[in-house]
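Everything below belongs to upload_12.txt, which stores compact mmCIF, C-alpha atoms.
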```
# COMPACT_ATOMS: atom_id res chain seq x y z
CA MET A 1 84.46 -61.74 -35.71
CA ALA A 2 84.90 -64.01 -32.65
CA ASP A 3 82.88 -66.78 -34.35
CA ARG A 4 85.07 -66.46 -37.42
CA SER A 5 88.22 -66.66 -35.27
CA ARG A 6 86.94 -69.78 -33.52
CA GLY A 7 86.05 -71.27 -36.88
CA GLU A 8 89.55 -70.58 -38.18
CA GLN A 9 91.09 -72.22 -35.13
CA ARG A 10 88.80 -75.22 -35.50
CA THR A 11 89.80 -75.54 -39.15
CA GLY A 12 93.45 -75.24 -38.17
CA LEU A 13 93.15 -77.95 -35.53
CA LEU A 14 91.38 -80.30 -37.93
CA ASN A 15 94.10 -79.78 -40.50
CA GLY A 16 96.76 -80.29 -37.84
CA PHE A 17 95.19 -83.56 -36.74
CA ALA A 18 94.92 -84.61 -40.39
CA ALA A 19 98.58 -83.79 -41.14
CA TYR A 20 100.09 -85.50 -38.12
CA GLY A 21 97.57 -88.31 -38.34
CA MET A 22 98.63 -89.08 -41.91
CA TRP A 23 102.30 -88.90 -40.93
CA GLY A 24 101.54 -91.24 -38.05
CA LEU A 25 99.68 -93.77 -40.19
CA VAL A 26 102.16 -93.80 -43.08
CA PRO A 27 103.74 -97.09 -41.88
CA LEU A 28 100.59 -98.77 -43.22
CA PHE A 29 101.39 -97.51 -46.72
CA TRP A 30 105.01 -98.49 -47.35
CA PRO A 31 104.47 -102.29 -47.07
CA LEU A 32 101.84 -102.01 -49.82
CA LEU A 33 104.64 -101.13 -52.25
CA LYS A 34 106.41 -104.46 -51.95
CA PRO A 35 108.08 -106.16 -53.80
CA ALA A 36 109.70 -102.80 -54.59
CA GLY A 37 112.76 -102.29 -52.42
CA ALA A 38 113.36 -99.29 -50.19
CA MET A 39 115.66 -97.60 -52.73
CA GLU A 40 113.16 -97.93 -55.56
CA ILE A 41 110.34 -96.63 -53.35
CA LEU A 42 112.53 -93.71 -52.29
CA ALA A 43 113.38 -92.81 -55.89
CA GLN A 44 109.74 -93.08 -56.96
CA ARG A 45 108.76 -90.83 -54.06
CA MET A 46 111.22 -88.16 -55.17
CA VAL A 47 110.12 -88.21 -58.80
CA TRP A 48 106.37 -88.23 -58.16
CA SER A 49 106.61 -85.65 -55.37
CA LEU A 50 108.26 -83.17 -57.72
CA GLY A 51 105.60 -83.83 -60.36
CA LEU A 52 102.72 -83.26 -57.93
CA VAL A 53 104.25 -80.18 -56.30
CA THR A 54 104.93 -78.69 -59.75
CA VAL A 55 101.25 -79.07 -60.65
CA VAL A 56 100.23 -77.42 -57.36
CA LEU A 57 102.57 -74.48 -57.97
CA LEU A 58 101.30 -74.08 -61.54
CA VAL A 59 97.72 -73.95 -60.30
CA MET A 60 98.62 -71.48 -57.56
CA ARG A 61 100.91 -69.47 -59.87
CA ARG A 62 103.62 -69.30 -57.26
CA TRP A 63 106.88 -69.21 -59.21
CA ALA A 64 108.45 -65.88 -58.22
CA TRP A 65 110.50 -67.61 -55.50
CA ALA A 66 112.30 -69.80 -58.07
CA GLY A 67 114.01 -66.87 -59.79
CA GLU A 68 115.03 -65.38 -56.47
CA LEU A 69 116.42 -68.72 -55.31
CA LEU A 70 118.56 -69.15 -58.44
CA ARG A 71 120.21 -65.80 -57.71
CA GLN A 72 121.26 -66.89 -54.21
CA PRO A 73 124.08 -69.49 -54.37
CA ARG A 74 124.30 -69.82 -50.58
CA LYS A 75 120.59 -70.62 -50.28
CA LEU A 76 120.88 -73.07 -53.17
CA GLY A 77 123.68 -74.82 -51.30
CA LEU A 78 121.53 -75.07 -48.20
CA ILE A 79 118.67 -76.50 -50.28
CA ALA A 80 121.07 -79.14 -51.63
CA ILE A 81 122.13 -80.03 -48.07
CA ALA A 82 118.49 -80.23 -46.96
CA ALA A 83 117.67 -82.48 -49.93
CA ALA A 84 120.57 -84.80 -49.10
CA VAL A 85 119.66 -85.04 -45.42
CA ILE A 86 115.96 -85.65 -45.99
CA THR A 87 116.89 -88.29 -48.58
CA VAL A 88 118.76 -90.17 -45.85
CA ASN A 89 115.82 -89.71 -43.48
CA TRP A 90 113.20 -90.91 -45.96
CA GLY A 91 115.32 -93.86 -47.09
CA ILE A 92 116.04 -95.13 -43.58
CA TYR A 93 112.42 -94.73 -42.55
CA ILE A 94 111.05 -96.66 -45.53
CA TRP A 95 113.61 -99.42 -45.03
CA ALA A 96 112.88 -99.57 -41.28
CA VAL A 97 109.12 -99.92 -41.75
CA ASN A 98 109.40 -102.57 -44.44
CA SER A 99 112.02 -104.46 -42.41
CA GLY A 100 109.93 -104.74 -39.25
CA HIS A 101 111.38 -101.86 -37.21
CA VAL A 102 108.35 -99.58 -36.89
CA VAL A 103 108.70 -99.16 -33.12
CA GLU A 104 112.37 -98.26 -33.37
CA ALA A 105 111.55 -95.80 -36.16
CA SER A 106 108.90 -94.15 -33.98
CA LEU A 107 111.50 -93.75 -31.25
CA GLY A 108 113.52 -91.59 -33.64
CA TYR A 109 110.75 -88.98 -33.73
CA PHE A 110 110.21 -89.19 -29.98
CA ILE A 111 113.86 -88.37 -29.27
CA ASN A 112 114.11 -85.77 -32.05
CA PRO A 113 113.29 -82.85 -29.68
CA LEU A 114 116.12 -83.93 -27.38
CA VAL A 115 118.55 -84.20 -30.28
CA THR A 116 117.45 -80.78 -31.53
CA ILE A 117 118.20 -79.26 -28.12
CA ALA A 118 121.58 -80.99 -27.91
CA MET A 119 122.49 -79.68 -31.35
CA GLY A 120 121.53 -76.17 -30.28
CA VAL A 121 123.99 -76.42 -27.38
CA LEU A 122 126.82 -78.03 -29.33
CA LEU A 123 126.54 -76.16 -32.64
CA LEU A 124 124.89 -72.85 -31.75
CA LYS A 125 126.34 -72.49 -28.22
CA GLU A 126 122.86 -71.95 -26.80
CA ARG A 127 122.07 -72.03 -23.10
CA LEU A 128 119.49 -74.28 -21.54
CA ARG A 129 117.33 -73.96 -18.48
CA PRO A 130 117.87 -76.58 -15.72
CA VAL A 131 114.73 -78.50 -16.71
CA GLN A 132 115.97 -78.76 -20.28
CA TRP A 133 119.37 -80.03 -19.14
CA THR A 134 117.63 -82.63 -17.00
CA ALA A 135 115.45 -83.73 -19.94
CA VAL A 136 118.50 -84.15 -22.17
CA ALA A 137 120.24 -86.20 -19.45
CA VAL A 138 117.16 -88.42 -19.08
CA GLY A 139 117.06 -88.86 -22.86
CA PHE A 140 120.73 -89.91 -22.88
CA LEU A 141 119.99 -92.43 -20.13
CA ALA A 142 117.07 -93.75 -22.21
CA VAL A 143 119.41 -94.38 -25.16
CA LEU A 144 121.76 -96.32 -22.87
CA VAL A 145 118.88 -98.44 -21.55
CA LEU A 146 117.64 -99.12 -25.08
CA THR A 147 121.17 -100.00 -26.21
CA ILE A 148 121.26 -102.66 -23.51
CA GLY A 149 117.75 -103.81 -24.45
CA TYR A 150 118.46 -104.10 -28.18
CA GLY A 151 121.98 -105.45 -27.67
CA ARG A 152 123.19 -102.62 -29.92
CA PRO A 153 122.71 -98.85 -30.16
CA PRO A 154 119.24 -97.99 -31.56
CA TRP A 155 120.92 -96.77 -34.74
CA ILE A 156 117.69 -96.50 -36.74
CA SER A 157 116.21 -94.14 -34.14
CA LEU A 158 119.42 -92.14 -33.84
CA CYS A 159 119.85 -91.77 -37.61
CA LEU A 160 116.25 -90.63 -38.02
CA ALA A 161 116.46 -88.21 -35.09
CA PHE A 162 119.80 -86.67 -36.10
CA SER A 163 118.96 -86.43 -39.81
CA PHE A 164 115.63 -84.76 -39.07
CA ALA A 165 117.22 -82.39 -36.55
CA ILE A 166 119.89 -81.38 -39.08
CA TYR A 167 117.17 -80.96 -41.70
CA GLY A 168 115.22 -78.67 -39.37
CA LEU A 169 118.34 -76.62 -38.63
CA VAL A 170 119.07 -76.16 -42.35
CA LYS A 171 115.43 -75.29 -43.06
CA LYS A 172 115.59 -72.52 -40.46
CA LYS A 173 118.51 -71.03 -42.39
CA VAL A 174 116.72 -71.34 -45.74
CA GLY A 175 113.47 -69.72 -44.59
CA MET A 176 111.19 -70.85 -47.44
CA GLY A 177 107.54 -71.91 -47.45
CA GLY A 178 106.56 -75.56 -47.29
CA ILE A 179 105.45 -76.15 -50.88
CA GLU A 180 108.27 -74.04 -52.32
CA SER A 181 110.99 -75.72 -50.27
CA LEU A 182 109.66 -79.19 -51.07
CA ALA A 183 109.69 -78.28 -54.78
CA ALA A 184 113.28 -77.03 -54.55
CA GLU A 185 114.46 -80.08 -52.61
CA THR A 186 112.76 -82.62 -54.88
CA ALA A 187 114.17 -80.75 -57.89
CA VAL A 188 117.64 -81.47 -56.47
CA GLN A 189 116.66 -85.09 -55.86
CA PHE A 190 114.96 -85.58 -59.24
CA VAL A 191 117.91 -86.22 -61.57
CA PRO A 192 119.68 -88.79 -59.35
CA ALA A 193 116.34 -90.46 -58.57
CA LEU A 194 115.32 -90.66 -62.21
CA GLY A 195 118.78 -91.90 -63.16
CA TYR A 196 118.55 -94.66 -60.56
CA LEU A 197 115.10 -95.71 -61.79
CA LEU A 198 116.32 -95.84 -65.40
CA TRP A 199 119.33 -97.89 -64.36
CA LEU A 200 117.08 -100.22 -62.34
CA SER A 201 114.83 -100.63 -65.37
CA ALA A 202 117.79 -101.39 -67.63
CA GLN A 203 118.87 -104.09 -65.16
CA GLY A 204 115.39 -105.60 -65.29
CA SER A 205 114.94 -105.06 -61.54
CA ALA A 206 112.35 -102.26 -61.59
CA THR A 207 108.88 -103.23 -60.38
CA PHE A 208 106.96 -100.18 -61.64
CA ALA A 209 106.02 -101.64 -65.03
CA SER A 210 106.26 -105.33 -64.20
CA HIS A 211 103.74 -105.85 -61.39
CA GLY A 212 100.53 -104.49 -62.83
CA ALA A 213 98.70 -101.18 -62.96
CA GLY A 214 97.73 -101.31 -59.27
CA HIS A 215 101.35 -101.51 -58.15
CA ALA A 216 102.32 -98.69 -60.52
CA ALA A 217 99.48 -96.54 -59.17
CA LEU A 218 100.61 -97.13 -55.60
CA LEU A 219 104.16 -96.11 -56.46
CA ALA A 220 102.84 -92.97 -58.14
CA ALA A 221 100.77 -92.26 -55.02
CA THR A 222 103.99 -91.72 -53.06
CA GLY A 223 103.80 -88.14 -54.36
CA VAL A 224 100.36 -87.71 -52.78
CA VAL A 225 101.51 -89.34 -49.53
CA THR A 226 104.35 -86.80 -49.39
CA ALA A 227 102.44 -83.65 -50.41
CA LEU A 228 98.94 -84.06 -48.91
CA PRO A 229 100.00 -83.97 -45.24
CA LEU A 230 102.16 -80.96 -46.09
CA VAL A 231 99.14 -79.11 -47.50
CA CYS A 232 97.17 -79.85 -44.32
CA PHE A 233 100.11 -78.80 -42.18
CA GLY A 234 100.35 -75.51 -44.06
CA ALA A 235 96.65 -74.85 -43.44
CA ALA A 236 97.14 -75.58 -39.73
CA ALA A 237 100.32 -73.52 -39.33
CA ILE A 238 98.63 -70.26 -40.29
CA ARG A 239 95.61 -70.82 -38.01
CA VAL A 240 96.86 -72.26 -34.72
CA PRO A 241 99.68 -71.22 -32.36
CA LEU A 242 103.11 -72.80 -32.78
CA SER A 243 102.85 -74.24 -29.27
CA THR A 244 99.72 -76.13 -30.33
CA LEU A 245 101.48 -77.53 -33.38
CA GLY A 246 104.36 -78.53 -31.12
CA LEU A 247 101.97 -80.63 -29.06
CA LEU A 248 100.11 -82.05 -32.06
CA GLN A 249 103.36 -83.30 -33.58
CA TYR A 250 103.61 -86.02 -30.92
CA LEU A 251 100.58 -87.65 -32.53
CA ALA A 252 102.75 -88.99 -35.36
CA PRO A 253 105.24 -91.05 -33.32
CA VAL A 254 102.46 -92.14 -30.94
CA PHE A 255 100.46 -93.57 -33.87
CA GLN A 256 103.62 -95.17 -35.29
CA PHE A 257 104.47 -96.72 -31.94
CA LEU A 258 100.94 -98.12 -31.51
CA LEU A 259 100.96 -99.50 -35.04
CA GLY A 260 104.29 -101.19 -34.40
CA ILE A 261 102.93 -102.97 -31.32
CA LEU A 262 99.27 -103.59 -32.17
CA TYR A 263 99.32 -104.04 -35.95
CA PHE A 264 102.84 -105.22 -36.81
CA HIS A 265 103.16 -107.13 -33.49
CA GLU A 266 106.74 -106.09 -32.81
CA ALA A 267 108.30 -107.29 -29.57
CA MET A 268 108.50 -104.93 -26.58
CA PRO A 269 110.45 -106.62 -23.77
CA PRO A 270 110.61 -104.85 -20.37
CA GLU A 271 113.93 -103.11 -21.04
CA ARG A 272 112.50 -101.45 -24.16
CA TRP A 273 109.44 -100.30 -22.22
CA ALA A 274 111.85 -98.84 -19.66
CA GLY A 275 113.77 -96.98 -22.36
CA PHE A 276 110.62 -95.60 -23.96
CA ALA A 277 109.28 -94.58 -20.54
CA LEU A 278 112.43 -92.53 -19.93
CA VAL A 279 112.05 -90.84 -23.32
CA TRP A 280 108.42 -89.99 -22.57
CA LEU A 281 109.44 -88.62 -19.16
CA ALA A 282 111.97 -86.34 -20.84
CA LEU A 283 109.34 -85.13 -23.31
CA ILE A 284 106.84 -84.43 -20.52
CA MET A 285 109.50 -82.33 -18.79
CA LEU A 286 110.26 -80.39 -21.97
CA THR A 287 106.60 -79.83 -22.78
CA GLY A 288 105.74 -78.67 -19.26
CA ASP A 289 108.68 -76.26 -19.25
CA ALA A 290 107.72 -74.88 -22.67
CA LEU A 291 104.09 -74.38 -21.64
CA ARG A 292 105.12 -72.56 -18.47
CA THR A 293 107.34 -70.27 -20.53
CA ALA A 294 104.54 -69.64 -23.03
CA ARG A 295 102.11 -68.74 -20.23
CA ALA A 296 104.66 -66.34 -18.70
CA THR A 297 105.07 -64.64 -22.05
CA ALA A 298 101.30 -64.38 -22.49
CA ARG A 299 100.92 -62.83 -19.03
CA ALA A 300 103.61 -60.28 -19.83
CA LEU A 301 101.83 -59.32 -23.03
CA ARG A 302 98.47 -59.00 -21.26
CA ASP A 303 100.05 -56.80 -18.59
CA ARG A 304 101.46 -54.52 -21.24
CA SER A 305 97.99 -53.21 -22.10
CA ALA A 306 97.26 -52.51 -18.42
CA ASP A 307 100.62 -51.01 -17.42
CA PRO A 308 102.98 -50.43 -20.35
CA ALA A 309 106.02 -49.60 -18.22
CA SER A 310 105.90 -52.63 -15.92
CA ALA A 311 104.78 -54.90 -18.74
CA LEU A 312 107.77 -53.87 -20.84
CA ALA A 313 110.11 -54.82 -18.01
CA ALA A 314 108.30 -58.14 -17.49
CA ALA A 315 108.42 -58.95 -21.19
CA ALA A 316 112.12 -58.14 -21.28
CA THR A 317 112.75 -60.42 -18.32
CA THR A 318 110.80 -63.22 -19.97
CA ALA A 319 112.67 -62.73 -23.24
CA VAL A 320 116.01 -63.00 -21.44
CA ALA A 321 114.84 -66.20 -19.77
CA GLN A 322 113.76 -67.64 -23.08
CA GLN A 323 116.63 -66.68 -25.34
CA PRO A 324 118.55 -68.03 -27.00
CA GLU A 325 117.56 -71.54 -26.10
CA ASP A 326 113.90 -71.33 -27.12
CA ARG A 327 114.87 -70.89 -30.74
CA VAL A 328 115.64 -74.61 -30.62
CA ALA A 329 113.84 -75.99 -27.60
CA GLY A 330 110.11 -75.47 -27.75
CA PRO A 331 107.50 -78.06 -26.81
CA GLY A 332 109.13 -80.17 -29.48
CA PRO A 333 111.13 -79.54 -32.63
CA ASP A 334 109.89 -76.69 -34.72
CA PRO A 335 107.39 -78.20 -37.13
CA VAL A 336 109.01 -78.49 -40.50
CA ASP A 337 107.60 -79.54 -43.78
CA ALA A 338 108.79 -83.02 -44.54
CA ARG A 339 108.04 -86.18 -42.62
CA PRO A 340 108.38 -89.92 -43.15
```
Final structure tokens representation of the file:
Amino acid sequence: MADRSRGEQRTGLLNGFAAYGMWGLVPLFWPLLKPAGAMEILAQRMVWSLGLVTVVLLVMRRWAWAGELLRQPRKLGLIAIAAAVITVNWGIYIWAVNSGHVVEASLGYFINPLVTIAMGVLLLKERLRPVQWTAVAVGFLAVLVLTIGYGRPPWISLCLAFSFAIYGLVKKKVGMGGIESLAAETAVQFVPALGYLLWLSAQGSATFASHGAGHAALLAATGVVTALPLVCFGAAAIRVPLSTLGLLQYLAPVFQFLLGILYFHEAMPPERWAGFALVWLALIMLTGDALRTARATARALRDRSADPASALAAAATTAVAQQPEDRVAGPGPDPVDARP
């Protein structure tokens, strides 16, 4: 039994590394789709993602959720909002990568945990521990330093961070599985995306059929690029603790950042290094605080088996210390099921 448990955890970790590794290396893929513009790539991604996810659901025979969803107008509205927000996120990310802003795009996913926490305070009236307040303040200072360094606010990073944080908040409200929610969201995106592609074709500006079979195959592969990491993430999510996934998620922006510097040779003057260093400091503070909280919770649960009465009191104390802020502020944003 123990060997099987270790094997499951190993499988989960491998799938987690695969998921976040693919999300981290995706900047290598979008430039391959040129001369297609960001809008055409985005529309192709929506169309092919729905096609691939539909095939997966047919094979798995998982359609019961669709009928239930159609009978819940409020949840349908939330799905539409999630689809709109992730459309903005995907579009900006594709444009940023293909326009030479990979490092700034990676910054968006570094600061996403800080934005998620700030949204929890502003929108959900949640309380933060002192360390979390300090991390948010350091993150705000980092944005100011980067604004000075870039000569403008890092709007690409901010748009990516805020759109993904809003997406995560909406997904919490929806409460659907990864494959199912992606199917629902891409179903909302499908008609406008297909309409745009047909209009582009009528204008003679579409590249899908005019740049050879290889280019068409790459555009079709956007569905695989979207769905495959999600499948790996799903396999990891059911096998490893959420805290582990929260740490693994930093792999994606780290890979993106390294690609921006080492492969795409983007400039990193001292003031940008200073801004990124402040962001990383804030993340270290958040992660350390979250790990300490997780260990305190684990100790309380272990004590319960030895002394139920005292353990119950300890667990209650830990729960009070954690709530409500830990619903938003873990070791990073809660892993959700759509990435760049």
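CA of Val225 in chain A sits 24.0 Å away from CA of Pro113 in chain A.
All residues of protein, DNA or RNA that reach within 12 Å of Asn15 in chain A, judged by only C-alpha atoms and not counting those fewer than 3 positions away in the chain, are Glu8, Gln9, Arg10, Thr11, Gly12, Ala18, Ala19, Tyr20, Gly21, Met22, Leu228, Pro229, Leu230, Val231, Cys232, Phe233, Gly234, Ala235, Ala236, Ala237, Ile238, Arg239, Val240, Leu245 and Leu248 of chain A.
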Please identify all polymer residues within 10 Å of range 54-67 of chain A, counting all atoms listed in the file, omitting same-chain residues fewer than 2 positions from it, and present them as a PDB file with C-alpha atoms, in the coordinates of the input.
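Written out: result_10.pdb:
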```pdb
ATOM      1  CA  TRP A  48     106.370 -88.230 -58.160  1.00  0.00           C
ATOM      2  CA  SER A  49     106.610 -85.650 -55.370  1.00  0.00           C
ATOM      3  CA  LEU A  50     108.260 -83.170 -57.720  1.00  0.00           C
ATOM      4  CA  GLY A  51     105.600 -83.830 -60.360  1.00  0.00           C
ATOM      5  CA  LEU A  52     102.720 -83.260 -57.930  1.00  0.00           C
ATOM      6  CA  LEU A  69     116.420 -68.720 -55.310  1.00  0.00           C
ATOM      7  CA  LEU A  70     118.560 -69.150 -58.440  1.00  0.00           C
ATOM      8  CA  ARG A  71     120.210 -65.800 -57.710  1.00  0.00           C
ATOM      9  CA  GLN A  72     121.260 -66.890 -54.210  1.00  0.00           C
ATOM     10  CA  MET A 176     111.190 -70.850 -47.440  1.00  0.00           C
ATOM     11  CA  GLY A 177     107.540 -71.910 -47.450  1.00  0.00           C
ATOM     12  CA  ILE A 179     105.450 -76.150 -50.880  1.00  0.00           C
ATOM     13  CA  GLU A 180     108.270 -74.040 -52.320  1.00  0.00           C
ATOM     14  CA  SER A 181     110.990 -75.720 -50.270  1.00  0.00           C
ATOM     15  CA  LEU A 182     109.660 -79.190 -51.070  1.00  0.00           C
ATOM     16  CA  ALA A 183     109.690 -78.280 -54.780  1.00  0.00           C
ATOM     17  CA  ALA A 184     113.280 -77.030 -54.550  1.00  0.00           C
ATOM     18  CA  ALA A 187     114.170 -80.750 -57.890  1.00  0.00           C
ATOM     19  CA  ALA A 227     102.440 -83.650 -50.410  1.00  0.00           C
TER      20      ALA A 227
END
```
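Interatomic distance, CA of Val53 in chain A against CA of Leu198 in chain A: 21.8 Å.
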Pick from A:Ala137, A:Leu76, A:Val191, A:Val145, whichever lies nearest to Ala282 in chain A using only C-alpha atoms:
A:Ala137
Residue nearest Leu158 in chain A among A:Val26, A:Ile41, A:Val115, A:Ala80 (counting all atoms listed in the file):
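Among the listed residues, the smallest separation from Leu158 in chain A belongs to A:Val115.
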As an exercise, work out the distance from CA of Asn112 in chain A to CA of Ser163 in chain A in Å and give it to one decimal place.
9.2 Å
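With distances restricted to all atoms listed in the file, A:Thr116 is the closest residue to Leu169 in chain A from A:Gln256, A:Thr244, A:Thr116, A:Thr222.
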Using all atoms listed in the file, the residue out of A:Val131, A:Ala193, A:Val188, A:Leu141 with shortest distance to Thr287 in chain A is A:Val131
